[in-house]
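Next up, query.cif (mmCIF, C-alpha atoms):
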data_coords
loop_
_atom_site.label_atom_id
_atom_site.label_comp_id
_atom_site.auth_asym_id
_atom_site.auth_seq_id
_atom_site.Cartn_x
_atom_site.Cartn_y
_atom_site.Cartn_z
CA MET A 61 42.44 -216.26 40.76
CA SER A 62 42.18 -219.52 42.78
CA THR A 63 40.18 -222.52 41.67
CA ALA A 64 37.74 -221.75 44.50
CA GLU A 65 37.01 -218.39 42.88
CA LEU A 66 36.50 -219.80 39.42
CA VAL A 67 32.82 -220.41 38.73
CA LEU A 68 32.00 -222.17 35.51
CA PRO A 69 28.67 -221.48 33.86
CA GLU A 70 26.27 -224.32 33.52
CA CYS A 71 26.74 -225.93 30.12
CA PRO A 72 23.64 -226.79 28.13
CA ARG A 73 23.03 -230.41 27.33
CA PRO A 74 23.93 -231.49 23.80
CA GLU A 75 20.27 -231.99 22.88
CA ASP A 76 19.49 -228.40 24.00
CA ARG A 77 22.18 -226.78 21.91
CA ALA A 78 21.14 -224.87 18.77
CA PRO A 79 23.06 -225.78 15.64
CA ALA A 80 26.20 -223.68 15.36
CA PRO A 81 25.93 -221.09 12.58
CA PRO A 82 28.33 -221.55 9.70
CA PRO A 83 31.34 -219.24 9.73
CA PRO A 84 30.80 -216.02 7.82
CA ARG A 85 31.99 -216.00 4.24
CA PRO A 86 32.00 -212.32 3.25
CA ARG A 87 33.76 -212.93 -0.07
CA ARG A 88 31.32 -215.65 -1.06
CA VAL A 89 28.39 -213.45 -0.05
CA ARG A 90 29.75 -210.52 -2.05
CA ARG A 91 30.26 -212.73 -5.10
CA TRP A 92 26.73 -214.10 -4.77
CA LEU A 93 25.23 -210.60 -4.41
CA GLY A 94 27.31 -209.40 -7.34
CA ALA A 95 26.11 -212.25 -9.56
CA LEU A 96 22.51 -211.62 -8.50
CA LEU A 97 22.82 -207.93 -9.32
CA ALA A 98 24.45 -208.69 -12.68
CA ARG A 99 21.59 -211.05 -13.65
CA ARG A 100 19.05 -208.45 -12.64
CA VAL A 101 20.78 -205.76 -14.68
CA ARG A 102 20.96 -207.99 -17.74
CA ARG A 103 17.29 -208.88 -17.40
CA ARG A 104 15.77 -205.52 -16.52
CA GLY A 105 18.48 -202.93 -17.12
CA ILE A 106 19.87 -200.54 -14.52
CA ASP A 107 17.36 -198.50 -12.55
CA LEU A 108 19.25 -196.32 -10.09
CA ALA A 109 16.05 -195.62 -8.19
CA THR A 110 15.94 -199.24 -6.99
CA LEU A 111 19.61 -199.82 -6.10
CA ARG A 112 19.93 -199.65 -2.32
CA VAL A 113 23.49 -200.98 -2.15
CA LEU A 114 26.44 -199.82 -4.19
CA PRO A 115 29.04 -202.45 -5.10
CA ARG A 116 32.10 -201.84 -2.96
CA ALA A 117 34.29 -201.04 -5.96
CA ALA A 118 31.89 -198.25 -6.89
CA THR A 119 32.41 -196.61 -3.49
CA VAL A 120 36.18 -196.29 -3.86
CA PRO A 121 36.06 -192.70 -5.19
CA LEU A 122 33.68 -191.70 -2.37
CA ARG A 123 35.68 -192.99 0.57
CA ARG A 124 37.76 -190.54 2.58
CA ASP A 125 40.36 -190.61 5.31
CA GLY A 126 39.61 -187.45 7.25
CA VAL A 127 39.78 -184.62 4.73
CA GLY A 128 41.77 -186.52 2.11
CA PRO A 129 41.04 -189.53 -0.10
CA ALA A 130 41.05 -192.98 1.47
CA SER A 131 44.08 -195.23 1.02
CA ALA A 132 42.37 -197.40 -1.62
CA LEU A 133 41.89 -194.42 -3.93
CA THR A 134 45.39 -193.12 -3.23
CA ALA A 135 46.84 -196.51 -4.13
CA LEU A 136 44.88 -196.59 -7.39
CA ALA A 137 46.03 -193.09 -8.31
CA ALA A 138 49.66 -194.04 -7.68
CA ARG A 139 49.37 -196.88 -10.22
CA GLY A 140 48.15 -194.74 -13.10
CA PRO A 141 45.66 -192.09 -14.25
CA VAL A 142 42.77 -194.36 -15.37
CA HIS A 143 41.38 -197.58 -13.86
CA ARG A 144 38.65 -200.05 -14.77
CA LEU A 145 36.38 -200.61 -11.77
CA GLU A 146 35.43 -204.24 -11.30
CA LEU A 147 31.68 -203.98 -10.89
CA PRO A 148 29.01 -206.69 -11.14
CA LEU A 149 27.20 -204.70 -13.81
CA ASP A 150 26.78 -205.20 -17.50
CA VAL A 151 28.58 -201.92 -18.17
CA ALA A 152 32.22 -200.83 -18.12
CA VAL A 153 33.08 -198.11 -15.59
CA HIS A 154 36.42 -196.29 -15.77
CA LEU A 155 37.74 -194.15 -12.92
CA VAL A 156 39.98 -191.21 -13.86
CA THR A 157 42.39 -190.07 -11.14
CA GLY A 158 44.97 -188.14 -13.18
CA ALA A 159 44.62 -184.35 -13.39
CA ALA A 160 45.36 -183.98 -17.11
CA GLU A 161 43.11 -186.88 -18.02
CA ALA A 162 40.35 -185.53 -15.78
CA ARG A 163 40.52 -182.13 -17.40
CA ALA A 164 40.36 -183.70 -20.87
CA VAL A 165 37.28 -185.78 -20.05
CA LEU A 166 35.45 -182.90 -18.36
CA ALA A 167 36.16 -180.60 -21.32
CA ASP A 168 34.86 -183.06 -23.94
CA ALA A 169 31.15 -182.19 -24.18
CA ASP A 170 30.89 -183.74 -27.64
CA GLY A 171 32.41 -187.06 -26.67
CA TYR A 172 30.38 -187.60 -23.49
CA SER A 173 26.83 -187.19 -22.25
CA THR A 174 25.85 -186.46 -18.65
CA ASP A 175 22.17 -187.32 -19.14
CA VAL A 176 21.71 -189.91 -16.39
CA ARG A 177 17.95 -190.20 -16.97
CA ARG A 178 18.51 -193.25 -19.14
CA LEU A 179 19.23 -195.17 -15.94
CA PHE A 180 15.70 -194.79 -14.57
CA SER A 181 12.90 -197.12 -15.57
CA GLY A 182 10.19 -194.47 -15.45
CA ASP A 183 7.76 -196.45 -13.30
CA GLY A 184 9.46 -196.36 -9.89
CA PRO A 185 9.24 -193.93 -6.98
CA VAL A 186 11.90 -191.79 -8.65
CA THR A 187 11.92 -191.26 -12.40
CA GLY A 188 14.13 -189.45 -14.85
CA ALA A 189 11.79 -186.46 -14.59
CA ASP A 190 12.90 -186.03 -10.97
CA VAL A 191 16.56 -185.78 -11.97
CA GLY A 192 17.21 -182.66 -13.97
CA GLY A 193 19.16 -179.47 -13.68
CA LEU A 194 22.23 -178.35 -15.57
CA GLY A 195 24.46 -181.17 -14.35
CA PHE A 196 22.39 -183.91 -15.99
CA THR A 197 21.45 -182.01 -19.15
CA ASP A 198 23.28 -182.05 -22.50
CA PRO A 199 23.46 -179.31 -25.12
CA PRO A 200 21.52 -177.71 -26.67
CA ASP A 201 19.12 -177.69 -23.68
CA HIS A 202 22.05 -177.22 -21.31
CA THR A 203 23.29 -174.22 -23.29
CA ARG A 204 19.85 -172.57 -23.31
CA LEU A 205 19.23 -173.10 -19.60
CA ARG A 206 22.70 -172.11 -18.43
CA ARG A 207 22.44 -168.81 -20.30
CA LEU A 208 19.44 -167.96 -18.12
CA VAL A 209 21.37 -168.15 -14.87
CA ALA A 210 25.07 -167.67 -15.64
CA PRO A 211 24.96 -163.83 -15.83
CA GLU A 212 23.63 -163.73 -12.26
CA PHE A 213 26.75 -165.51 -10.95
CA THR A 214 29.55 -163.48 -12.52
CA ARG A 215 32.06 -161.88 -10.17
CA ALA A 216 30.91 -158.39 -11.14
CA ARG A 217 27.20 -159.10 -10.58
CA LEU A 218 27.90 -160.77 -7.25
CA GLN A 219 29.52 -157.63 -5.83
CA ARG A 220 26.04 -156.41 -4.94
CA LEU A 221 25.76 -159.38 -2.58
CA VAL A 222 28.87 -158.50 -0.55
CA PRO A 223 26.90 -156.62 2.15
CA VAL A 224 24.30 -159.40 2.21
CA VAL A 225 26.94 -162.09 2.70
CA GLU A 226 28.79 -160.06 5.34
CA GLY A 227 25.58 -159.47 7.28
CA THR A 228 24.60 -163.15 7.05
CA VAL A 229 28.04 -164.19 8.31
CA ASP A 230 27.94 -161.72 11.22
CA ARG A 231 24.55 -163.03 12.35
CA ALA A 232 25.75 -166.62 12.08
CA LEU A 233 28.84 -165.86 14.17
CA ASP A 234 26.61 -164.15 16.75
CA ALA A 235 24.59 -167.38 16.96
CA LEU A 236 27.78 -169.42 17.27
CA GLU A 237 28.98 -167.21 20.12
CA ALA A 238 25.60 -167.31 21.85
CA ALA A 239 25.69 -171.12 21.78
CA GLY A 240 28.83 -171.09 23.92
CA SER A 241 31.64 -173.61 23.91
CA PRO A 242 31.45 -176.23 22.60
CA ALA A 243 29.60 -174.68 19.67
CA ASP A 244 28.78 -176.56 16.48
CA LEU A 245 30.12 -174.70 13.43
CA VAL A 246 28.08 -176.87 11.05
CA ARG A 247 24.80 -176.03 12.76
CA HIS A 248 25.37 -172.34 13.38
CA VAL A 249 27.58 -171.20 10.49
CA ALA A 250 28.46 -173.69 7.76
CA THR A 251 24.84 -174.68 7.08
CA PRO A 252 22.84 -171.44 7.49
CA VAL A 253 25.21 -169.04 5.70
CA PRO A 254 25.22 -170.59 2.20
CA MET A 255 21.60 -171.74 2.44
CA SER A 256 20.39 -168.26 3.43
CA VAL A 257 22.41 -166.62 0.65
CA ILE A 258 21.28 -168.93 -2.16
CA ALA A 259 17.64 -168.91 -1.00
CA GLY A 260 17.66 -165.13 -0.99
CA LEU A 261 19.33 -164.94 -4.39
CA LEU A 262 16.74 -167.25 -5.94
CA GLY A 263 13.83 -165.55 -4.19
CA LEU A 264 12.67 -168.57 -2.18
CA GLU A 265 10.80 -166.49 0.38
CA GLY A 266 8.84 -168.66 2.74
CA ALA A 267 10.76 -171.83 1.88
CA ASP A 268 11.81 -173.95 4.84
CA GLU A 269 15.57 -173.53 4.61
CA GLN A 270 16.24 -176.18 7.27
CA VAL A 271 14.26 -178.78 5.31
CA LEU A 272 16.05 -177.83 2.09
CA ALA A 273 19.40 -178.12 3.86
CA ARG A 274 18.60 -181.60 5.20
CA LEU A 275 17.42 -182.81 1.79
CA ALA A 276 20.46 -181.31 0.05
CA THR A 277 22.72 -183.28 2.40
CA ARG A 278 20.73 -186.52 2.11
CA ARG A 279 20.81 -186.49 -1.69
CA PHE A 280 24.57 -187.01 -1.61
CA ASP A 281 24.53 -189.76 1.04
CA ALA A 282 25.53 -193.03 -0.64
CA THR A 283 25.18 -195.28 2.41
CA GLY A 284 21.69 -196.28 1.24
CA GLY A 285 22.70 -196.62 -2.39
CA PRO A 286 21.33 -194.45 -5.19
CA ALA A 287 17.74 -195.21 -4.14
CA GLY A 288 18.04 -193.29 -0.88
CA ALA A 289 19.90 -190.39 -2.46
CA PHE A 290 17.48 -190.00 -5.35
CA GLY A 291 14.57 -190.20 -2.94
CA ALA A 292 15.87 -186.98 -1.37
CA VAL A 293 16.30 -185.53 -4.86
CA SER A 294 12.65 -186.25 -5.61
CA ALA A 295 11.49 -184.70 -2.34
CA GLN A 296 13.50 -181.55 -2.90
CA ARG A 297 12.25 -181.24 -6.46
CA ARG A 298 8.67 -181.39 -5.20
CA LEU A 299 9.33 -178.58 -2.72
CA LEU A 300 10.96 -176.43 -5.38
CA ALA A 301 8.21 -177.20 -7.88
CA GLU A 302 5.75 -175.70 -5.40
CA ALA A 303 7.99 -172.62 -5.07
CA VAL A 304 8.17 -172.29 -8.86
CA ALA A 305 4.39 -172.57 -9.17
CA ALA A 306 4.03 -169.76 -6.62
CA GLN A 307 6.52 -167.63 -8.56
CA ARG A 308 4.64 -168.34 -11.77
CA ARG A 309 1.48 -166.90 -10.18
CA SER A 310 3.27 -163.92 -8.63
CA PRO A 311 6.91 -163.45 -9.73
CA GLY A 312 9.15 -162.09 -6.99
CA ASP A 313 12.37 -160.09 -7.09
CA GLY A 314 14.74 -163.08 -7.02
CA LEU A 315 16.30 -164.99 -9.89
CA ILE A 316 13.34 -167.36 -10.30
CA GLY A 317 10.90 -164.48 -10.54
CA ARG A 318 13.11 -162.67 -13.04
CA ILE A 319 13.32 -165.73 -15.29
CA VAL A 320 9.54 -166.16 -15.13
CA ARG A 321 8.98 -162.53 -16.13
CA GLU A 322 11.54 -162.61 -18.94
CA GLN A 323 10.91 -166.10 -20.36
CA GLY A 324 7.21 -166.63 -19.71
CA GLU A 325 6.03 -169.90 -21.24
CA ALA A 326 9.35 -170.35 -23.08
CA ILE A 327 10.59 -172.17 -19.98
CA THR A 328 8.53 -174.93 -18.41
CA ASP A 329 7.91 -175.34 -14.71
CA ASP A 330 9.87 -178.62 -14.80
CA GLU A 331 12.86 -176.89 -16.35
CA LEU A 332 12.69 -174.04 -13.86
CA ALA A 333 12.34 -176.43 -10.92
CA GLY A 334 15.38 -178.33 -12.23
CA LEU A 335 17.37 -175.11 -12.43
CA ALA A 336 16.34 -174.10 -8.92
CA ASP A 337 17.15 -177.60 -7.64
CA GLY A 338 20.64 -177.53 -9.11
CA LEU A 339 21.34 -174.01 -7.86
CA VAL A 340 20.12 -174.71 -4.34
CA THR A 341 22.17 -177.88 -4.13
CA GLY A 342 25.29 -176.54 -5.81
CA GLY A 343 25.05 -173.22 -4.00
CA PHE A 344 24.66 -174.79 -0.58
CA GLU A 345 26.12 -178.21 0.08
CA THR A 346 29.59 -177.86 -1.42
CA THR A 347 30.16 -174.46 0.21
CA ALA A 348 28.83 -175.65 3.56
CA SER A 349 31.16 -178.65 3.46
CA THR A 350 34.16 -176.55 2.48
CA ILE A 351 33.52 -174.08 5.32
CA ALA A 352 33.57 -176.91 7.86
CA LEU A 353 36.40 -178.94 6.34
CA GLY A 354 38.42 -175.79 5.64
CA THR A 355 38.15 -174.81 9.30
CA VAL A 356 39.51 -178.22 10.32
CA VAL A 357 42.47 -177.82 7.94
CA LEU A 358 43.23 -174.30 9.14
CA LEU A 359 43.07 -175.26 12.81
CA ARG A 360 45.85 -177.79 12.26
CA ASP A 361 47.93 -175.30 10.24
CA PRO A 362 48.58 -172.20 12.41
CA ALA A 363 50.61 -170.43 9.72
CA ALA A 364 47.80 -170.71 7.16
CA ALA A 365 45.22 -169.71 9.79
CA ALA A 366 47.29 -166.62 10.63
CA LEU A 367 47.44 -165.72 6.93
CA VAL A 368 43.66 -165.92 6.70
CA ARG A 369 43.20 -163.95 9.92
CA GLU A 370 45.75 -161.22 9.30
CA GLY A 371 46.56 -161.30 5.59
CA SER A 372 45.40 -159.20 2.69
CA PRO A 373 42.39 -160.12 0.54
CA ALA A 374 44.85 -161.60 -1.96
CA ASP A 375 46.38 -163.76 0.79
CA VAL A 376 42.93 -164.99 1.86
CA ALA A 377 41.98 -165.74 -1.73
CA ALA A 378 45.17 -167.77 -2.23
CA VAL A 379 44.49 -169.86 0.88
CA VAL A 380 40.88 -170.44 -0.18
CA GLU A 381 41.96 -171.65 -3.64
CA GLU A 382 44.38 -174.08 -2.03
CA LEU A 383 41.72 -175.28 0.39
CA LEU A 384 39.37 -175.92 -2.52
CA ARG A 385 42.05 -178.01 -4.28
CA LEU A 386 43.06 -179.90 -1.16
CA ILE A 387 39.55 -180.64 0.11
CA ALA A 388 37.73 -181.20 -3.19
CA ALA A 389 34.44 -181.56 -1.31
CA VAL A 390 32.74 -182.93 -4.43
CA SER A 391 34.46 -186.30 -4.53
CA VAL A 392 33.47 -187.28 -8.06
CA ALA A 393 32.11 -185.31 -11.02
CA PHE A 394 28.82 -186.05 -12.76
CA PRO A 395 29.20 -189.40 -14.55
CA ARG A 396 30.06 -189.22 -18.21
CA PHE A 397 28.63 -191.65 -20.76
CA ALA A 398 30.89 -192.14 -23.77
CA ARG A 399 29.20 -191.36 -27.08
CA ARG A 400 31.97 -192.90 -29.18
CA ALA A 401 35.12 -194.96 -28.88
CA THR A 402 38.03 -193.04 -27.43
CA VAL A 403 41.20 -193.44 -25.41
CA VAL A 404 41.73 -191.86 -21.98
CA GLY A 405 45.15 -192.08 -20.40
CA GLY A 406 46.04 -195.07 -22.56
CA THR A 407 42.80 -196.89 -21.68
CA ALA A 408 40.29 -197.77 -24.40
CA VAL A 409 36.77 -196.47 -23.72
CA ALA A 410 33.92 -197.94 -25.77
CA PRO A 411 30.64 -196.25 -26.66
CA GLY A 412 28.27 -196.54 -23.69
CA ASP A 413 31.04 -196.91 -21.13
CA VAL A 414 30.78 -194.82 -17.97
CA VAL A 415 33.67 -192.54 -17.05
CA LEU A 416 33.92 -191.25 -13.49
CA VAL A 417 36.32 -188.42 -12.69
CA SER A 418 37.69 -188.39 -9.14
CA LEU A 419 38.10 -184.71 -8.32
CA ALA A 420 39.64 -185.61 -4.97
CA ALA A 421 42.40 -187.70 -6.57
CA ALA A 422 42.93 -185.40 -9.55
CA GLY A 423 43.50 -182.43 -7.26
CA ARG A 424 46.36 -184.28 -5.59
CA ASP A 425 48.05 -185.58 -8.74
CA PRO A 426 51.73 -184.68 -8.23
CA ARG A 427 52.27 -184.46 -12.00
CA TRP A 428 50.04 -181.37 -11.90
CA ALA A 429 49.94 -180.15 -8.28
CA GLY A 430 53.70 -180.45 -7.76
CA ASP A 431 55.58 -181.46 -4.65
CA ALA A 432 53.78 -182.52 -1.46
CA PRO A 433 50.26 -182.39 -2.96
CA ASP A 434 48.75 -183.53 0.38
CA ARG A 435 50.02 -180.36 2.09
CA LEU A 436 48.31 -176.97 2.22
CA ASP A 437 50.52 -174.54 0.33
CA PRO A 438 48.97 -171.10 -0.37
CA HIS A 439 51.81 -170.34 -2.79
CA ARG A 440 51.02 -173.36 -4.96
CA ALA A 441 49.89 -172.24 -8.40
CA PRO A 442 49.32 -175.27 -10.63
CA ARG A 443 48.66 -174.53 -14.25
CA GLY A 444 45.05 -174.16 -15.25
CA GLY A 445 43.76 -173.93 -11.69
CA HIS A 446 42.12 -176.63 -9.58
CA LEU A 447 39.19 -178.83 -10.57
CA ALA A 448 37.17 -178.52 -7.37
CA PHE A 449 34.41 -176.73 -9.32
CA GLY A 450 34.69 -179.10 -12.27
CA HIS A 451 35.70 -178.02 -15.75
CA GLY A 452 34.15 -177.42 -19.15
CA ILE A 453 30.49 -176.67 -19.79
CA HIS A 454 29.43 -178.31 -16.52
CA ARG A 455 31.79 -176.28 -14.34
CA CYS A 456 29.87 -175.12 -11.28
CA VAL A 457 27.93 -172.00 -12.21
CA GLY A 458 28.09 -170.85 -8.58
CA ALA A 459 31.89 -170.97 -8.28
CA GLU A 460 32.26 -167.22 -7.76
CA LEU A 461 29.50 -167.18 -5.16
CA ALA A 462 31.27 -169.95 -3.26
CA ARG A 463 34.53 -167.97 -3.37
CA LEU A 464 32.74 -164.88 -2.07
CA GLU A 465 31.26 -166.80 0.86
CA LEU A 466 34.48 -168.63 1.73
CA THR A 467 36.65 -165.51 1.60
CA THR A 468 34.13 -163.80 3.87
CA VAL A 469 33.31 -166.43 6.47
CA LEU A 470 36.76 -167.93 7.15
CA PRO A 471 38.56 -164.64 7.97
CA ALA A 472 35.57 -163.40 9.98
CA LEU A 473 35.50 -166.61 12.02
CA LEU A 474 39.23 -166.58 12.80
CA ARG A 475 39.30 -162.86 13.57
CA ARG A 476 36.39 -162.97 15.98
CA PHE A 477 37.69 -166.09 17.74
CA PRO A 478 41.52 -165.95 17.61
CA ASP A 479 41.84 -168.84 20.09
CA LEU A 480 39.48 -171.12 18.18
CA SER A 481 40.19 -174.84 18.59
CA LEU A 482 38.57 -178.23 18.25
CA ALA A 483 36.41 -179.20 21.20
CA VAL A 484 36.93 -182.93 20.57
CA PRO A 485 39.98 -185.00 19.65
CA PRO A 486 40.53 -185.09 15.86
CA GLU A 487 39.76 -188.82 15.72
CA ARG A 488 36.26 -188.13 17.04
CA LEU A 489 35.26 -185.72 14.29
CA ALA A 490 32.01 -186.76 12.60
CA PHE A 491 33.16 -187.09 9.00
CA ARG A 492 30.56 -188.40 6.59
CA ARG A 493 31.16 -192.06 5.94
CA LEU A 494 30.13 -192.32 2.29
CA SER A 495 28.96 -189.27 0.40
CA PHE A 496 29.29 -187.78 -3.06
CA VAL A 497 29.98 -184.49 -1.28
CA HIS A 498 32.34 -185.02 1.62
CA GLY A 499 31.72 -183.14 4.82
CA LEU A 500 31.10 -183.19 8.54
CA ASP A 501 27.84 -183.84 10.32
CA ALA A 502 29.01 -181.64 13.20
CA LEU A 503 32.10 -179.65 14.13
CA PRO A 504 32.21 -178.81 17.86
CA LEU A 505 34.57 -175.92 18.57
CA ASP A 506 36.00 -174.31 21.67
CA LEU A 507 35.61 -170.62 20.91
CA GLY A 508 38.13 -169.35 23.45
CA ARG A 509 38.24 -165.62 23.99
CA ARG A 510 36.56 -163.20 21.62
CA ALA A 511 38.79 -160.63 19.93
CA ARG A 512 38.26 -157.11 21.21
#

Go ahead and express the file in the form of C-alpha cells.
Amino acid sequence: MSTAELVLPECPRPEDRAPAPPPPRPRRVRRWLGALLARRVRRRGIDLATLRVLPRAATVPLRRDGVGPASALTALAARGPVHRLELPLDVAVHLVTGAAEARAVLADADGYSTDVRRLFSGDGPVTGADVGGLGFTDPPDHTRLRRLVAPEFTRARLQRLVPVVEGTVDRALDALEAAGSPADLVRHVATPVPMSVIAGLLGLEGADEQVLARLATRRFDATGGPAGAFGAVSAQRRLLAEAVAAQRRSPGDGLIGRIVREQGEAITDDELAGLADGLVTGGFETTASTIALGTVVLLRDPAAAALVREGSPADVAAVVEELLRLIAAVSVAFPRFARRATVVGGTAVAPGDVVLVSLAAAGRDPRWAGDAPDRLDPHRAPRGGHLAFGHGIHRCVGAELARLELTTVLPALLRRFPDLSLAVPPERLAFRRLSFVHGLDALPLDLGRRAR
C-alpha cells in the first residue's frame, strides 16, 4: 500500500478524549468477589437459592472436554484421589476423584448426610421444601420412600415395558427420518423417548412432556449458579404437585396412582411430589444425555458401532455398560455432608465438611478401570462395576430402566441408519458448557440411506 492510499482517521483532540479505562484485573476481581462472598456467607450463612455465580473452583468437576472430563479435572485426578477445593466459603469442600475412595464415600450412609435443605434460608424464592426426593433425603425417610418405588424398577418388573419402549423408539426413529438430513437426534429421539417412557410409567397423563423436559434440563444448568438451577427445580415441583393433587382426587393406573391407592394419607402430597420429581428427572435427563453422547462415541468408533448394530444382546449390553462408564453423564454425585470426623484417601474430613464425588473422574481412574481408561473397550470388566448410576443407598433407582432404553434405542438407531454420520464437524457439536448432567443441546446427523 502506498502512502497515497493510506488514510488516517481523524484523531480526537485531547480535551475530547474519554479517560482510558484501567486494564482489566481478572485475578483482583475474582479475589474481591471471593472475599465479598465469604463475608456474606459468614454473616448470613449459605443460601443456595441466592447464589447466581459459582466460584470457579467449584465448577472444576462440572467442566468437560467433549465427552470426557476437562483437563483441570484430569490433572487433579492424576495428583491423587482426594483434593481440597479452594473456595471463598466458610466451609471445607473435598473433591473425590479416585474410584475406590468414591465408592467408599457413596456407600457410607451413616457417615454422611445428603440433606441439602440446610443450605436454604426458607424465605427466598426457593426453599428447602422445593428440594426433596430420594437424592436429598436421609434414612429413615429415605428408606420408607424408596421402598414405595424400588419394586417398580426391578429388571423383572420392567420386562412388561419392553414392547412400550420398542414402540416408543420406533415412533421416534420415524420422526427422525421424516425430519430428513440433517436431523437432530436430541429433539427427535434422545429427548422424547425417555420422557415418554417415564411419564407413562408414573401415570402423568395430560402433563406437558416438553415443558417437563425443558425444566429437567434447566435444573442441571450451572451457568446461572444454583439460583437458576433451583428455580427450575421449584417450577417442576409445582407442575408435579398439580399432577399429584389430580391423582389424589382420581388415582390412575400409573405408579403415582398406585401409591395413592395403597398408602392413602400415610404419604403426603409433598413427599409424593418429591418422589415424582426425582423419578422424572432421574428417569429422563441422564438417559437422554447418554443416548446423545453415546451416539457421538459410537460414530467415532466403527468397531463398537458394528458390535451394537450386529452383535448379540450380550454384546450390546457390554457396549452400553462401557458407554455408561466412559460418559458418566452425571458429572458429580449428590453432595455429602460429613456427620463425623473421618479420613478419605489420606485426607482428614471434619464434621460439617462437604464431600463431592466426581463420577466422571472416578470412572476413568486407571487403578480401577485398567489400561487406557479414556478408550471405549466393551471387554473391560472392572471389579464392582461402574459408578455412573452412583452407589449405595442413593444409587439411581431407575438404573435398569435406563439400561432397557439404551439397549433398545442404540441398536435400533444404527440398524435403521447404517450410514449414520455427524452432519457438522466434531468441533461444532453443541456440548453443554457447565452442567451437573453433561449432554448436548443438539446433535445434527446425516441419516444416509435407510436399511432395507

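If you look at CA of Val257 in chain A and CA of Leu482 in chain A, they are 26.6 Å away from each other.
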
Find the residue from A:Val417, A:Leu122, A:Ala462, A:Asp313 that sits nearest to Ala164 in chain A; use all atoms listed in the file when measuring.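 Smallest separation from Ala164 in chain A among the options: A:Val417.
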
Expressed in Å to a single decimal, how great is the separation between CA of Ala303 in chain A and CA of Glu325 in chain A?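 One can read the CA of Ala303 in chain A to CA of Glu325 in chain A distance as 16.5 Å.
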
Give me the result of the PyMOL selection byres ((chain A and resi 496) around 6) on this file, residue by residue, as a PyMOL selection string. chain A and resi 122+280+391+495+497

List, as JSON, numbers by chain, every residue that the PyMOL selection byres ((chain A and resi 480) around 7) selects in the file provided. {"A": [477, 478, 479, 481, 505, 506, 507, 508]}

Preceding selection exported with C-alpha atoms as a CSV table (one decimal), in the coordinates of the input:
chain,number,residue,atom,x,y,z
A,477,PHE,CA,37.7,-166.1,17.7
A,478,PRO,CA,41.5,-166.0,17.6
A,479,ASP,CA,41.8,-168.8,20.1
A,481,SER,CA,40.2,-174.8,18.6
A,505,LEU,CA,34.6,-175.9,18.6
A,506,ASP,CA,36.0,-174.3,21.7
A,507,LEU,CA,35.6,-170.6,20.9
A,508,GLY,CA,38.1,-169.4,23.4

I'd like the neighbourhood of Val457 in chain A as a VMD selection string, where a residue qualifies if any of its atoms comes within 9 Å (using only C-alpha atoms), though same-chain residues fewer than 3 positions away should be ignored. chain A and resid 206 209 to 210 213 to 214 339 342 to 343 449 454 460 to 461

Please write the residues picked by the PyMOL selection byres ((chain A and resi 224) around 12) on this file as a PDB file with C-alpha atoms, in the coordinates of the input.
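What follows is the written file selection-v9.pdb:
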ATOM      1  CA  LEU A 218      27.900-160.770  -7.250  1.00  0.00           C
ATOM      2  CA  GLN A 219      29.520-157.630  -5.830  1.00  0.00           C
ATOM      3  CA  ARG A 220      26.040-156.410  -4.940  1.00  0.00           C
ATOM      4  CA  LEU A 221      25.760-159.380  -2.580  1.00  0.00           C
ATOM      5  CA  VAL A 222      28.870-158.500  -0.550  1.00  0.00           C
ATOM      6  CA  PRO A 223      26.900-156.620   2.150  1.00  0.00           C
ATOM      7  CA  VAL A 225      26.940-162.090   2.700  1.00  0.00           C
ATOM      8  CA  GLU A 226      28.790-160.060   5.340  1.00  0.00           C
ATOM      9  CA  GLY A 227      25.580-159.470   7.280  1.00  0.00           C
ATOM     10  CA  THR A 228      24.600-163.150   7.050  1.00  0.00           C
ATOM     11  CA  VAL A 229      28.040-164.190   8.310  1.00  0.00           C
ATOM     12  CA  ASP A 230      27.940-161.720  11.220  1.00  0.00           C
ATOM     13  CA  ARG A 231      24.550-163.030  12.350  1.00  0.00           C
ATOM     14  CA  VAL A 253      25.210-169.040   5.700  1.00  0.00           C
ATOM     15  CA  PRO A 254      25.220-170.590   2.200  1.00  0.00           C
ATOM     16  CA  SER A 256      20.390-168.260   3.430  1.00  0.00           C
ATOM     17  CA  VAL A 257      22.410-166.620   0.650  1.00  0.00           C
ATOM     18  CA  ILE A 258      21.280-168.930  -2.160  1.00  0.00           C
ATOM     19  CA  GLY A 260      17.660-165.130  -0.990  1.00  0.00           C
ATOM     20  CA  LEU A 261      19.330-164.940  -4.390  1.00  0.00           C
ATOM     21  CA  LEU A 461      29.500-167.180  -5.160  1.00  0.00           C
ATOM     22  CA  LEU A 464      32.740-164.880  -2.070  1.00  0.00           C
ATOM     23  CA  GLU A 465      31.260-166.800   0.860  1.00  0.00           C
ATOM     24  CA  THR A 468      34.130-163.800   3.870  1.00  0.00           C
TER      25      THR A 468
END

Just checking: using only C-alpha atoms, which residue out of A:Gly405, A:Arg369, A:Asp244, A:Val153 ends up closest to Leu489 in chain A?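 Smallest distance to Leu489 in chain A is found for A:Asp244.
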
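Proximity to Glu212 in chain A was assessed for A:Gly314, A:Thr119, A:Ala389, A:Ala135 counting all atoms listed in the file; the smallest distance is recorded for A:Gly314.
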
Report, in Å to a single decimal, how far apart CA of Val404 in chain A and CA of His154 in chain A are.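 Answer for the CA of His154 in chain A to CA of Val404 in chain A separation: 9.3 Å.
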
Taking into account all atoms listed in the file, which residue in the set A:Ala422, A:Leu503, A:Ala238, A:Ala169 is nearest to Leu447 in chain A? A:Ala422

Within 7 Å of Arg297 in chain A using all atoms listed in the file, minus same-chain residues under 2 positions, as a ChimeraX atom specification: /A:190,293-295,299-301,333,337

Pull C-alpha atoms from the residues just selected and write them as a PDB file, in the frame of the given file.
ATOM      1  CA  ASP A 190      12.900-186.030 -10.970  1.00  0.00           C
ATOM      2  CA  VAL A 293      16.300-185.530  -4.860  1.00  0.00           C
ATOM      3  CA  SER A 294      12.650-186.250  -5.610  1.00  0.00           C
ATOM      4  CA  ALA A 295      11.490-184.700  -2.340  1.00  0.00           C
ATOM      5  CA  LEU A 299       9.330-178.580  -2.720  1.00  0.00           C
ATOM      6  CA  LEU A 300      10.960-176.430  -5.380  1.00  0.00           C
ATOM      7  CA  ALA A 301       8.210-177.200  -7.880  1.00  0.00           C
ATOM      8  CA  ALA A 333      12.340-176.430 -10.920  1.00  0.00           C
ATOM      9  CA  ASP A 337      17.150-177.600  -7.640  1.00  0.00           C
TER      10      ASP A 337
END
